Structure formats: C-alpha cells, structure tokens
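Have a look at final-v9.pdb; it's PDB, C-alpha atoms:
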```
ATOM      1  CA  MET N 224       1.018  32.092 -13.554  1.00  0.00           C
ATOM      2  CA  ASN N 225      -1.947  34.053 -12.256  1.00  0.00           C
ATOM      3  CA  ALA N 226      -3.009  34.329  -8.620  1.00  0.00           C
ATOM      4  CA  LEU N 227      -5.763  31.733  -8.980  1.00  0.00           C
ATOM      5  CA  ALA N 228      -3.353  29.160 -10.394  1.00  0.00           C
ATOM      6  CA  LYS N 229      -0.851  29.892  -7.611  1.00  0.00           C
ATOM      7  CA  LEU N 230      -3.563  29.502  -4.976  1.00  0.00           C
ATOM      8  CA  ARG N 231      -4.699  26.208  -6.509  1.00  0.00           C
ATOM      9  CA  LYS N 232      -1.136  24.926  -6.692  1.00  0.00           C
ATOM     10  CA  GLY N 233      -0.495  25.924  -3.074  1.00  0.00           C
ATOM     11  CA  ILE N 234      -3.627  24.191  -1.790  1.00  0.00           C
ATOM     12  CA  ASP N 235      -2.876  21.128  -3.948  1.00  0.00           C
ATOM     13  CA  THR N 236       0.643  20.934  -2.519  1.00  0.00           C
ATOM     14  CA  VAL N 237      -0.471  21.303   1.102  1.00  0.00           C
ATOM     15  CA  LEU N 238      -3.222  18.697   0.675  1.00  0.00           C
ATOM     16  CA  SER N 239      -0.903  16.271  -1.114  1.00  0.00           C
ATOM     17  CA  TYR N 240       1.675  16.493   1.658  1.00  0.00           C
ATOM     18  CA  ALA N 241      -0.993  16.260   4.358  1.00  0.00           C
ATOM     19  CA  CYS N 242      -2.424  13.102   2.780  1.00  0.00           C
ATOM     20  CA  ALA N 243       1.065  11.606   2.431  1.00  0.00           C
ATOM     21  CA  ILE N 244       1.916  12.372   6.060  1.00  0.00           C
ATOM     22  CA  VAL N 245      -1.348  10.938   7.368  1.00  0.00           C
ATOM     23  CA  PHE N 246      -0.872   7.838   5.203  1.00  0.00           C
ATOM     24  CA  ALA N 247       2.696   7.378   6.481  1.00  0.00           C
ATOM     25  CA  LEU N 248       1.388   7.716  10.037  1.00  0.00           C
ATOM     26  CA  MET N 249      -1.250   5.085   9.276  1.00  0.00           C
ATOM     27  CA  VAL N 250       1.402   2.681   7.946  1.00  0.00           C
ATOM     28  CA  CYS N 251       3.518   3.110  11.091  1.00  0.00           C
ATOM     29  CA  VAL N 252       0.577   2.782  13.464  1.00  0.00           C
ATOM     30  CA  GLY N 253      -0.822  -0.179  11.518  1.00  0.00           C
ATOM     31  CA  THR N 254       2.544  -1.932  11.630  1.00  0.00           C
ATOM     32  CA  TYR N 255       2.758  -1.285  15.366  1.00  0.00           C
ATOM     33  CA  GLN N 256      -0.760  -2.656  15.811  1.00  0.00           C
ATOM     34  CA  VAL N 257       0.055  -5.881  13.939  1.00  0.00           C
ATOM     35  CA  VAL N 258       3.295  -6.373  15.866  1.00  0.00           C
ATOM     36  CA  ALA N 259       1.616  -5.669  19.212  1.00  0.00           C
ATOM     37  CA  ARG N 260      -1.270  -8.016  18.452  1.00  0.00           C
ATOM     38  CA  TYR N 261       0.486 -10.987  16.863  1.00  0.00           C
ATOM     39  CA  ILE N 262       4.046 -10.899  18.219  1.00  0.00           C
ATOM     40  CA  PHE N 263       3.513  -9.539  21.724  1.00  0.00           C
ATOM     41  CA  ASN N 264      -0.059 -10.834  22.038  1.00  0.00           C
ATOM     42  CA  ASN N 265      -1.061  -7.446  23.473  1.00  0.00           C
ATOM     43  CA  PRO N 266      -3.511  -5.664  21.133  1.00  0.00           C
ATOM     44  CA  SER N 267      -3.575  -1.888  21.289  1.00  0.00           C
ATOM     45  CA  THR N 268      -6.943  -0.149  21.346  1.00  0.00           C
ATOM     46  CA  VAL N 269      -5.257   3.244  20.992  1.00  0.00           C
ATOM     47  CA  SER N 270      -3.700   2.288  17.659  1.00  0.00           C
ATOM     48  CA  GLU N 271      -6.979   0.901  16.361  1.00  0.00           C
ATOM     49  CA  GLU N 272      -8.826   4.100  17.208  1.00  0.00           C
ATOM     50  CA  LEU N 273      -6.032   6.261  15.815  1.00  0.00           C
ATOM     51  CA  LEU N 274      -6.100   4.304  12.546  1.00  0.00           C
ATOM     52  CA  THR N 275      -9.849   4.750  12.226  1.00  0.00           C
ATOM     53  CA  TYR N 276      -9.714   8.503  12.736  1.00  0.00           C
ATOM     54  CA  SER N 277      -6.597   8.902  10.582  1.00  0.00           C
ATOM     55  CA  PHE N 278      -8.304   7.068   7.743  1.00  0.00           C
ATOM     56  CA  THR N 279     -11.282   9.399   7.999  1.00  0.00           C
ATOM     57  CA  TRP N 280      -9.049  12.464   7.924  1.00  0.00           C
ATOM     58  CA  MET N 281      -7.063  11.157   4.959  1.00  0.00           C
ATOM     59  CA  ALA N 282     -10.183  10.222   3.012  1.00  0.00           C
ATOM     60  CA  LEU N 283     -11.774  13.648   3.463  1.00  0.00           C
ATOM     61  CA  LEU N 284      -8.565  15.543   2.668  1.00  0.00           C
ATOM     62  CA  ALA N 285      -8.017  13.377  -0.407  1.00  0.00           C
ATOM     63  CA  SER N 286     -11.617  13.915  -1.514  1.00  0.00           C
ATOM     64  CA  ALA N 287     -11.098  17.677  -1.351  1.00  0.00           C
ATOM     65  CA  LEU N 288      -7.952  17.307  -3.459  1.00  0.00           C
ATOM     66  CA  VAL N 289      -9.761  15.134  -6.003  1.00  0.00           C
ATOM     67  CA  PHE N 290     -12.644  17.610  -6.251  1.00  0.00           C
ATOM     68  CA  GLY N 291     -10.135  20.383  -6.817  1.00  0.00           C
ATOM     69  CA  LYS N 292      -8.571  18.527  -9.713  1.00  0.00           C
ATOM     70  CA  ARG N 293     -11.992  17.500 -11.033  1.00  0.00           C
ATOM     71  CA  ASP N 294     -10.757  13.910 -11.149  1.00  0.00           C
ATOM     72  CA  HIS N 295     -13.626  12.516  -9.117  1.00  0.00           C
ATOM     73  CA  MET N 296     -15.756   9.700 -10.392  1.00  0.00           C
ATOM     74  CA  ARG N 297     -18.681  10.884 -12.446  1.00  0.00           C
ATOM     75  CA  MET N 298     -21.305   9.574 -14.800  1.00  0.00           C
ATOM     76  CA  GLY N 299     -20.651  11.578 -17.902  1.00  0.00           C
ATOM     77  CA  PHE N 300     -22.931   9.833 -20.361  1.00  0.00           C
ATOM     78  CA  VAL N 301     -25.085  12.979 -20.681  1.00  0.00           C
ATOM     79  CA  ALA N 302     -22.413  15.632 -20.217  1.00  0.00           C
ATOM     80  CA  ASP N 303     -20.032  13.957 -22.661  1.00  0.00           C
ATOM     81  CA  LYS N 304     -22.629  14.221 -25.428  1.00  0.00           C
ATOM     82  CA  LEU N 305     -22.968  17.974 -24.962  1.00  0.00           C
ATOM     83  CA  GLN N 306     -20.717  20.598 -26.469  1.00  0.00           C
ATOM     84  CA  GLY N 307     -20.090  24.304 -26.327  1.00  0.00           C
ATOM     85  CA  LYS N 308     -22.226  26.578 -24.167  1.00  0.00           C
ATOM     86  CA  THR N 309     -24.634  23.819 -23.162  1.00  0.00           C
ATOM     87  CA  LYS N 310     -21.815  21.726 -21.708  1.00  0.00           C
ATOM     88  CA  LEU N 311     -20.351  24.781 -19.969  1.00  0.00           C
ATOM     89  CA  VAL N 312     -23.710  25.651 -18.391  1.00  0.00           C
ATOM     90  CA  LEU N 313     -24.205  22.051 -17.212  1.00  0.00           C
ATOM     91  CA  GLU N 314     -20.722  21.901 -15.679  1.00  0.00           C
ATOM     92  CA  VAL N 315     -21.210  25.234 -13.892  1.00  0.00           C
ATOM     93  CA  ILE N 316     -24.583  24.046 -12.552  1.00  0.00           C
ATOM     94  CA  ILE N 317     -22.953  20.838 -11.309  1.00  0.00           C
ATOM     95  CA  GLU N 318     -20.228  22.827  -9.543  1.00  0.00           C
ATOM     96  CA  LEU N 319     -22.885  25.091  -7.996  1.00  0.00           C
ATOM     97  CA  LEU N 320     -24.830  22.060  -6.744  1.00  0.00           C
ATOM     98  CA  VAL N 321     -21.661  20.637  -5.206  1.00  0.00           C
ATOM     99  CA  ILE N 322     -20.994  23.993  -3.532  1.00  0.00           C
ATOM    100  CA  LEU N 323     -24.542  24.116  -2.145  1.00  0.00           C
ATOM    101  CA  MET N 324     -24.253  20.585  -0.776  1.00  0.00           C
ATOM    102  CA  VAL N 325     -20.859  21.311   0.757  1.00  0.00           C
ATOM    103  CA  VAL N 326     -22.023  24.546   2.396  1.00  0.00           C
ATOM    104  CA  GLY N 327     -25.175  22.983   3.810  1.00  0.00           C
ATOM    105  CA  ILE N 328     -23.930  19.577   4.860  1.00  0.00           C
ATOM    106  CA  MET N 329     -20.196  19.760   5.398  1.00  0.00           C
ATOM    107  CA  ILE N 330     -19.637  23.335   6.532  1.00  0.00           C
ATOM    108  CA  PHE N 331     -22.804  24.132   8.504  1.00  0.00           C
ATOM    109  CA  GLY N 332     -23.639  20.554   9.481  1.00  0.00           C
ATOM    110  CA  GLY N 333     -20.004  19.752  10.205  1.00  0.00           C
ATOM    111  CA  THR N 334     -19.610  22.854  12.360  1.00  0.00           C
ATOM    112  CA  SER N 335     -22.729  21.885  14.298  1.00  0.00           C
ATOM    113  CA  ILE N 336     -21.502  18.362  14.966  1.00  0.00           C
ATOM    114  CA  VAL N 337     -18.090  19.687  16.032  1.00  0.00           C
ATOM    115  CA  GLN N 338     -19.752  21.976  18.567  1.00  0.00           C
ATOM    116  CA  LEU N 339     -22.084  19.246  19.811  1.00  0.00           C
ATOM    117  CA  THR N 340     -19.319  16.697  20.330  1.00  0.00           C
ATOM    118  CA  MET N 341     -16.633  18.831  21.968  1.00  0.00           C
ATOM    119  CA  THR N 342     -17.725  17.572  25.378  1.00  0.00           C
ATOM    120  CA  GLN N 343     -17.555  13.881  24.380  1.00  0.00           C
ATOM    121  CA  THR N 344     -14.194  12.137  24.460  1.00  0.00           C
ATOM    122  CA  THR N 345     -12.926   9.228  22.414  1.00  0.00           C
ATOM    123  CA  ALA N 346     -12.747   5.876  24.171  1.00  0.00           C
ATOM    124  CA  SER N 347      -9.017   5.173  23.951  1.00  0.00           C
ATOM    125  CA  LEU N 348      -7.318   8.415  22.953  1.00  0.00           C
ATOM    126  CA  GLY N 349      -9.289  10.572  25.386  1.00  0.00           C
ATOM    127  CA  ILE N 350      -9.496  13.549  23.034  1.00  0.00           C
ATOM    128  CA  PRO N 351     -12.716  15.465  22.338  1.00  0.00           C
ATOM    129  CA  MET N 352     -14.726  13.935  19.488  1.00  0.00           C
ATOM    130  CA  GLY N 353     -15.150  17.461  18.145  1.00  0.00           C
ATOM    131  CA  ILE N 354     -11.469  17.454  17.205  1.00  0.00           C
ATOM    132  CA  VAL N 355     -11.982  14.258  15.232  1.00  0.00           C
ATOM    133  CA  TYR N 356     -14.991  15.777  13.446  1.00  0.00           C
ATOM    134  CA  THR N 357     -13.170  19.045  12.685  1.00  0.00           C
ATOM    135  CA  ILE N 358     -12.060  17.588   9.371  1.00  0.00           C
ATOM    136  CA  ILE N 359     -15.646  17.702   8.056  1.00  0.00           C
ATOM    137  CA  PRO N 360     -15.991  21.511   7.915  1.00  0.00           C
ATOM    138  CA  VAL N 361     -12.297  21.891   6.987  1.00  0.00           C
ATOM    139  CA  SER N 362     -12.651  19.649   3.945  1.00  0.00           C
ATOM    140  CA  GLY N 363     -15.981  21.340   3.189  1.00  0.00           C
ATOM    141  CA  VAL N 364     -14.277  24.746   3.054  1.00  0.00           C
ATOM    142  CA  LEU N 365     -11.555  23.312   0.824  1.00  0.00           C
ATOM    143  CA  ILE N 366     -14.111  21.802  -1.568  1.00  0.00           C
ATOM    144  CA  PHE N 367     -16.021  25.114  -1.526  1.00  0.00           C
ATOM    145  CA  VAL N 368     -12.861  27.044  -2.475  1.00  0.00           C
ATOM    146  CA  TYR N 369     -12.033  24.506  -5.173  1.00  0.00           C
ATOM    147  CA  GLY N 370     -15.610  24.743  -6.492  1.00  0.00           C
ATOM    148  CA  ILE N 371     -15.326  28.517  -6.864  1.00  0.00           C
ATOM    149  CA  MET N 372     -11.963  28.132  -8.605  1.00  0.00           C
ATOM    150  CA  ASN N 373     -13.405  25.428 -10.879  1.00  0.00           C
ATOM    151  CA  ILE N 374     -16.290  27.705 -11.899  1.00  0.00           C
ATOM    152  CA  ILE N 375     -13.857  30.522 -12.668  1.00  0.00           C
ATOM    153  CA  ASP N 376     -11.702  28.126 -14.704  1.00  0.00           C
ATOM    154  CA  LEU N 377     -14.762  26.822 -16.556  1.00  0.00           C
ATOM    155  CA  CYS N 378     -15.858  30.323 -17.470  1.00  0.00           C
ATOM    156  CA  ARG N 379     -12.336  31.207 -18.593  1.00  0.00           C
ATOM    157  CA  GLY N 380     -12.005  27.929 -20.490  1.00  0.00           C
ATOM    158  CA  THR N 381      -8.748  26.993 -18.748  1.00  0.00           C
ATOM    159  CA  GLY N 382      -7.131  23.830 -17.323  1.00  0.00           C
ATOM    160  CA  HIS N 383      -8.786  22.488 -14.198  1.00  0.00           C
ATOM    161  CA  GLY N 384     -12.220  23.587 -15.324  1.00  0.00           C
ATOM    162  CA  GLN N 385     -12.239  21.075 -18.170  1.00  0.00           C
ATOM    163  CA  SER N 386     -13.451  17.606 -17.205  1.00  0.00           C
ATOM    164  CA  ASP N 387     -12.369  15.867 -20.401  1.00  0.00           C
ATOM    165  CA  GLY N 388      -9.239  14.448 -18.776  1.00  0.00           C
ATOM    166  CA  LYS N 389      -6.868  16.528 -20.933  1.00  0.00           C
ATOM    167  CA  GLU N 390      -5.403  18.720 -18.200  1.00  0.00           C
TER     168      GLU N 390
END
```

Please lay out the structure from this file as structure tokens.
Amino acid sequence: MNALAKLRKGIDTVLSYACAIVFALMVCVGTYQVVARYIFNNPSTVSEELLTYSFTWMALLASALVFGKRDHMRMGFVADKLQGKTKLVLEVIIELLVILMVVGIMIFGGTSIVQLTMTQTTASLGIPMGIVYTIIPVSGVLIFVYGIMNIIDLCRGTGHGQSDGKE
C-alpha cells in the first residue's frame, strides 16, 4: 500500500469515527430532549442548540468523506457517455473546479466567518460562534486534500479516482 493510499485510509477512518461519534452524541442529546420536553414538561434550549450545531458538523464531515470516496451525487449523463482520455480530462477538470470552489468559499470564506464571529456567543451554550463555524474551513481543507488525491488517482488510473462505482 503506497503512502497516498495509507493517507486516504487514515483520513477515511478518522472521519468515519468522527461522524459516528457525533451521530451517537446527537442520538443521546435528542433522546434527552424528548424526555425533558414530554415527560418532565421542561424543554431544554441547550439540547436543541447542541443538536443543531452537531448536525451541521456531522453533515460537513460526512460530505468531506463522501467527496473523498467520490460517492457524491452527480449527474453523469454526459460523463458516462465519454471514454478514455476525454473522460479522464473531464473528471480532472471537475475535481479542479471542486478544489477551486472549496478553496474560495469554504477555506477562505470559512476562515473569514470564523474570525468575524469569534466575539459572538451562542444563545444557550454560550460558546463563541466562531467555534461552531470552524467546521467550514476544516471540511474545506479535507475536501481539498481529497480532491488532490482524487486527481492523482485519476491520472494513475487507480481505485478512488474512478467514478464508475466499481471501487
């Protein structure tokens, strides 16, 4: 197994566990929220806010994982009709466009919003909003790294670079 495959496997493993842990936390907090609201008739605003932010974190971490595996939803009616070099060039261009979007919006834009919101605090939890928004540039960096690895795999003609579902 080469270094790139080991790196991909390591990031995949960390992201999978992170998503599972956040999801388990959401189940526990959601159960607590239902019990507090309907059994004790004392709704918790902290749990509601924590669920909202946890869902955001899980969704962005999971999206990075899905981009890394190239299992994201796509409209392949044009790409699926292409073969050989033409298909390879199109897939590399698509990965480059994703990388450009991620760098511009998620990494730079996300970093800006984190800096702007570090002085604001959440209503119930009382933590800086910048901490909540930190997941945007983090997932952007992960998608960027996956995009580079996907381009390398495409050019090599190996596993994760192929989007035909035969990995």

Requested in this report: To verify the selection step, state as a PyMOL selection string which residues the PyMOL selection byres ((chain N and resi 288-301) around 12) yields on this input.
Outcome: chain N and resi 228+230-242+281-287+302-306+309-310+313-314+317-318+321-322+325+362-374+376-377+382-390

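Among the candidates N:Gly307, N:Leu339, N:Leu248, N:Val326, the residue lying nearest to Tyr276 (chain N) is N:Leu248 (atoms considered: only C-alpha atoms).
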
Query - Length of the CA of Thr334 (chain N) to CA of Ile359 (chain N) vector [Å] - result: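 If I compute the distance from CA of Thr334 (chain N) to CA of Ile359 (chain N), I get 7.8 Å.
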
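Residues lying within 12 Å of (0.9, 7.9, 8.3). Counted over all atoms listed in the file, they are Tyr240, Ala241, Cys242, Ala243, Ile244, Val245, Phe246, Ala247, Leu248, Met249, Val250, Cys251, Val252, Gly253, Thr254, Tyr255, Ser270, Leu273, Leu274, Thr275, Tyr276, Ser277, Phe278, Trp280 and Met281 of chain N.
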
Query - Residues returned when the PyMOL selection byres ((chain N and resi 268) around 9) runs on this file, as a VMD selection string - result: chain N and resid 256 266 to 267 269 to 273 346 to 348

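CA of Val361 (chain N) sits 19.9 Å away from CA of Gln343 (chain N).
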
Requested in this report: Find the distance between CA of Leu319 (chain N) and CA of Cys378 (chain N) and write it in Å to one decimal.
Outcome: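 Distance between the two atoms: 12.9 Å.
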
Report task. Using only C-alpha atoms, determine which residues lie at most 9 Å from Met341 (chain N), disregarding the query and same-chain residues fewer than 3 positions distant; provide the list as number ranges by chain. Result -> N: 336-338, 344, 350-354

As lines of an AutoDock Vina configuration file, please report the centre and edge lengths, rounded to one decimal in Å, of the axis-aligned box that holds all listed atoms of region 252-257 of chain N with 6 Å of padding on each of the six sides.
```
center_x = 1.0
center_y = -1.5
center_z = 13.7
size_x = 15.6
size_y = 20.7
size_z = 16.3
```

Query raised in the report: Nearest to Met329 (chain N): which of N:Ala226, N:Ile358, N:Val258, N:Ile375 is it, counting all atoms listed in the file?
Result: N:Ile358

Export region 288-320 of chain N of the preceding structure, keeping N, CA, C and O atoms, as an mmCIF file, in the first residue's frame.
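Okay, this is what ended up in result_6.cif:
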```cif
data_model
loop_
_atom_site.group_PDB
_atom_site.id
_atom_site.type_symbol
_atom_site.label_atom_id
_atom_site.label_comp_id
_atom_site.auth_asym_id
_atom_site.auth_seq_id
_atom_site.Cartn_x
_atom_site.Cartn_y
_atom_site.Cartn_z
ATOM 1 N N LEU N 288 -16.069 13.194 3.650
ATOM 2 C CA LEU N 288 -15.828 11.765 3.468
ATOM 3 C C LEU N 288 -16.400 11.269 2.141
ATOM 4 O O LEU N 288 -15.747 10.524 1.405
ATOM 5 N N VAL N 289 -17.599 11.720 1.818
ATOM 6 C CA VAL N 289 -18.241 11.302 0.564
ATOM 7 C C VAL N 289 -17.478 11.836 -0.652
ATOM 8 O O VAL N 289 -17.299 11.132 -1.645
ATOM 9 N N PHE N 290 -16.988 13.069 -0.574
ATOM 10 C CA PHE N 290 -16.185 13.601 -1.671
ATOM 11 C C PHE N 290 -14.905 12.793 -1.833
ATOM 12 O O PHE N 290 -14.460 12.542 -2.948
ATOM 13 N N GLY N 291 -14.321 12.396 -0.722
ATOM 14 C CA GLY N 291 -13.097 11.609 -0.777
ATOM 15 C C GLY N 291 -13.299 10.269 -1.451
ATOM 16 O O GLY N 291 -12.431 9.783 -2.167
ATOM 17 N N LYS N 292 -14.443 9.677 -1.243
ATOM 18 C CA LYS N 292 -14.734 8.377 -1.853
ATOM 19 C C LYS N 292 -15.335 8.512 -3.248
ATOM 20 O O LYS N 292 -15.586 7.517 -3.909
ATOM 21 N N ARG N 293 -15.580 9.738 -3.652
ATOM 22 C CA ARG N 293 -16.227 10.045 -4.935
ATOM 23 C C ARG N 293 -17.564 9.330 -5.064
ATOM 24 O O ARG N 293 -17.943 8.841 -6.110
ATOM 25 N N ASP N 294 -18.292 9.280 -3.949
ATOM 26 C CA ASP N 294 -19.614 8.658 -3.918
ATOM 27 C C ASP N 294 -20.726 9.694 -3.879
ATOM 28 O O ASP N 294 -21.878 9.368 -3.629
ATOM 29 N N HIS N 295 -20.377 10.957 -4.096
ATOM 30 C CA HIS N 295 -21.379 12.001 -4.035
ATOM 31 C C HIS N 295 -22.329 11.905 -5.219
ATOM 32 O O HIS N 295 -22.033 11.297 -6.242
ATOM 33 N N MET N 296 -23.464 12.526 -5.046
ATOM 34 C CA MET N 296 -24.467 12.526 -6.104
ATOM 35 C C MET N 296 -23.942 13.350 -7.284
ATOM 36 O O MET N 296 -23.346 14.403 -7.091
ATOM 37 N N ARG N 297 -24.150 12.843 -8.463
ATOM 38 C CA ARG N 297 -23.704 13.574 -9.640
ATOM 39 C C ARG N 297 -24.643 13.275 -10.800
ATOM 40 O O ARG N 297 -25.344 12.277 -10.793
ATOM 41 N N MET N 298 -24.617 14.175 -11.765
ATOM 42 C CA MET N 298 -25.373 13.943 -12.990
ATOM 43 C C MET N 298 -24.363 13.503 -14.045
ATOM 44 O O MET N 298 -23.626 14.317 -14.582
ATOM 45 N N GLY N 299 -24.338 12.222 -14.286
ATOM 46 C CA GLY N 299 -23.314 11.673 -15.150
ATOM 47 C C GLY N 299 -23.758 11.392 -16.568
ATOM 48 O O GLY N 299 -23.092 10.653 -17.277
ATOM 49 N N PHE N 300 -24.863 11.990 -16.985
ATOM 50 C CA PHE N 300 -25.366 11.669 -18.324
ATOM 51 C C PHE N 300 -24.404 12.077 -19.433
ATOM 52 O O PHE N 300 -24.420 11.483 -20.500
ATOM 53 N N VAL N 301 -23.556 13.067 -19.207
ATOM 54 C CA VAL N 301 -22.547 13.433 -20.216
ATOM 55 C C VAL N 301 -21.276 12.629 -19.980
ATOM 56 O O VAL N 301 -20.749 12.004 -20.892
ATOM 57 N N ALA N 302 -20.813 12.634 -18.746
ATOM 58 C CA ALA N 302 -19.550 11.961 -18.415
ATOM 59 C C ALA N 302 -19.616 10.468 -18.673
ATOM 60 O O ALA N 302 -18.623 9.865 -19.091
ATOM 61 N N ASP N 303 -20.769 9.860 -18.454
ATOM 62 C CA ASP N 303 -20.894 8.412 -18.645
ATOM 63 C C ASP N 303 -20.841 8.012 -20.119
ATOM 64 O O ASP N 303 -20.593 6.855 -20.439
ATOM 65 N N LYS N 304 -21.063 8.956 -21.007
ATOM 66 C CA LYS N 304 -21.002 8.661 -22.439
ATOM 67 C C LYS N 304 -19.583 8.798 -22.986
ATOM 68 O O LYS N 304 -19.305 8.364 -24.096
ATOM 69 N N LEU N 305 -18.720 9.408 -22.206
ATOM 70 C CA LEU N 305 -17.329 9.602 -22.634
ATOM 71 C C LEU N 305 -16.474 8.415 -22.220
ATOM 72 O O LEU N 305 -16.804 7.695 -21.287
ATOM 73 N N GLN N 306 -15.361 8.274 -22.932
ATOM 74 C CA GLN N 306 -14.427 7.192 -22.616
ATOM 75 C C GLN N 306 -13.008 7.670 -22.813
ATOM 76 O O GLN N 306 -12.766 8.684 -23.465
ATOM 77 N N GLY N 307 -12.087 6.931 -22.229
ATOM 78 C CA GLY N 307 -10.671 7.184 -22.448
ATOM 79 C C GLY N 307 -10.193 8.527 -21.932
ATOM 80 O O GLY N 307 -10.580 8.978 -20.855
ATOM 81 N N LYS N 308 -9.325 9.152 -22.728
ATOM 82 C CA LYS N 308 -8.700 10.426 -22.337
ATOM 83 C C LYS N 308 -9.719 11.541 -22.125
ATOM 84 O O LYS N 308 -9.570 12.355 -21.230
ATOM 85 N N THR N 309 -10.752 11.570 -22.945
ATOM 86 C CA THR N 309 -11.759 12.622 -22.830
ATOM 87 C C THR N 309 -12.444 12.561 -21.473
ATOM 88 O O THR N 309 -12.626 13.585 -20.809
ATOM 89 N N LYS N 310 -12.798 11.361 -21.043
ATOM 90 C CA LYS N 310 -13.439 11.180 -19.742
ATOM 91 C C LYS N 310 -12.470 11.553 -18.623
ATOM 92 O O LYS N 310 -12.854 12.219 -17.659
ATOM 93 N N LEU N 311 -11.218 11.157 -18.754
ATOM 94 C CA LEU N 311 -10.204 11.484 -17.756
ATOM 95 C C LEU N 311 -10.039 13.000 -17.619
ATOM 96 O O LEU N 311 -10.031 13.534 -16.509
ATOM 97 N N VAL N 312 -9.950 13.684 -18.758
ATOM 98 C CA VAL N 312 -9.795 15.145 -18.737
ATOM 99 C C VAL N 312 -11.007 15.795 -18.078
ATOM 100 O O VAL N 312 -10.861 16.689 -17.236
ATOM 101 N N LEU N 313 -12.214 15.350 -18.409
ATOM 102 C CA LEU N 313 -13.423 15.904 -17.813
ATOM 103 C C LEU N 313 -13.432 15.688 -16.299
ATOM 104 O O LEU N 313 -13.730 16.607 -15.536
ATOM 105 N N GLU N 314 -13.078 14.494 -15.855
ATOM 106 C CA GLU N 314 -13.087 14.205 -14.421
ATOM 107 C C GLU N 314 -12.034 15.017 -13.677
ATOM 108 O O GLU N 314 -12.271 15.470 -12.556
ATOM 109 N N VAL N 315 -10.874 15.230 -14.282
ATOM 110 C CA VAL N 315 -9.844 16.059 -13.655
ATOM 111 C C VAL N 315 -10.319 17.517 -13.585
ATOM 112 O O VAL N 315 -10.131 18.185 -12.559
ATOM 113 N N ILE N 316 -10.952 17.995 -14.643
ATOM 114 C CA ILE N 316 -11.477 19.367 -14.641
ATOM 115 C C ILE N 316 -12.532 19.524 -13.551
ATOM 116 O O ILE N 316 -12.544 20.532 -12.831
ATOM 117 N N ILE N 317 -13.391 18.529 -13.406
ATOM 118 C CA ILE N 317 -14.426 18.584 -12.364
ATOM 119 C C ILE N 317 -13.777 18.639 -10.985
ATOM 120 O O ILE N 317 -14.179 19.444 -10.129
ATOM 121 N N GLU N 318 -12.775 17.812 -10.758
ATOM 122 C CA GLU N 318 -12.073 17.833 -9.464
ATOM 123 C C GLU N 318 -11.405 19.190 -9.234
ATOM 124 O O GLU N 318 -11.439 19.715 -8.115
ATOM 125 N N LEU N 319 -10.822 19.761 -10.284
ATOM 126 C CA LEU N 319 -10.188 21.080 -10.154
ATOM 127 C C LEU N 319 -11.215 22.166 -9.822
ATOM 128 O O LEU N 319 -10.946 23.056 -9.015
ATOM 129 N N LEU N 320 -12.386 22.086 -10.438
ATOM 130 C CA LEU N 320 -13.451 23.052 -10.140
ATOM 131 C C LEU N 320 -13.923 22.919 -8.691
ATOM 132 O O LEU N 320 -14.170 23.930 -8.021
#
```
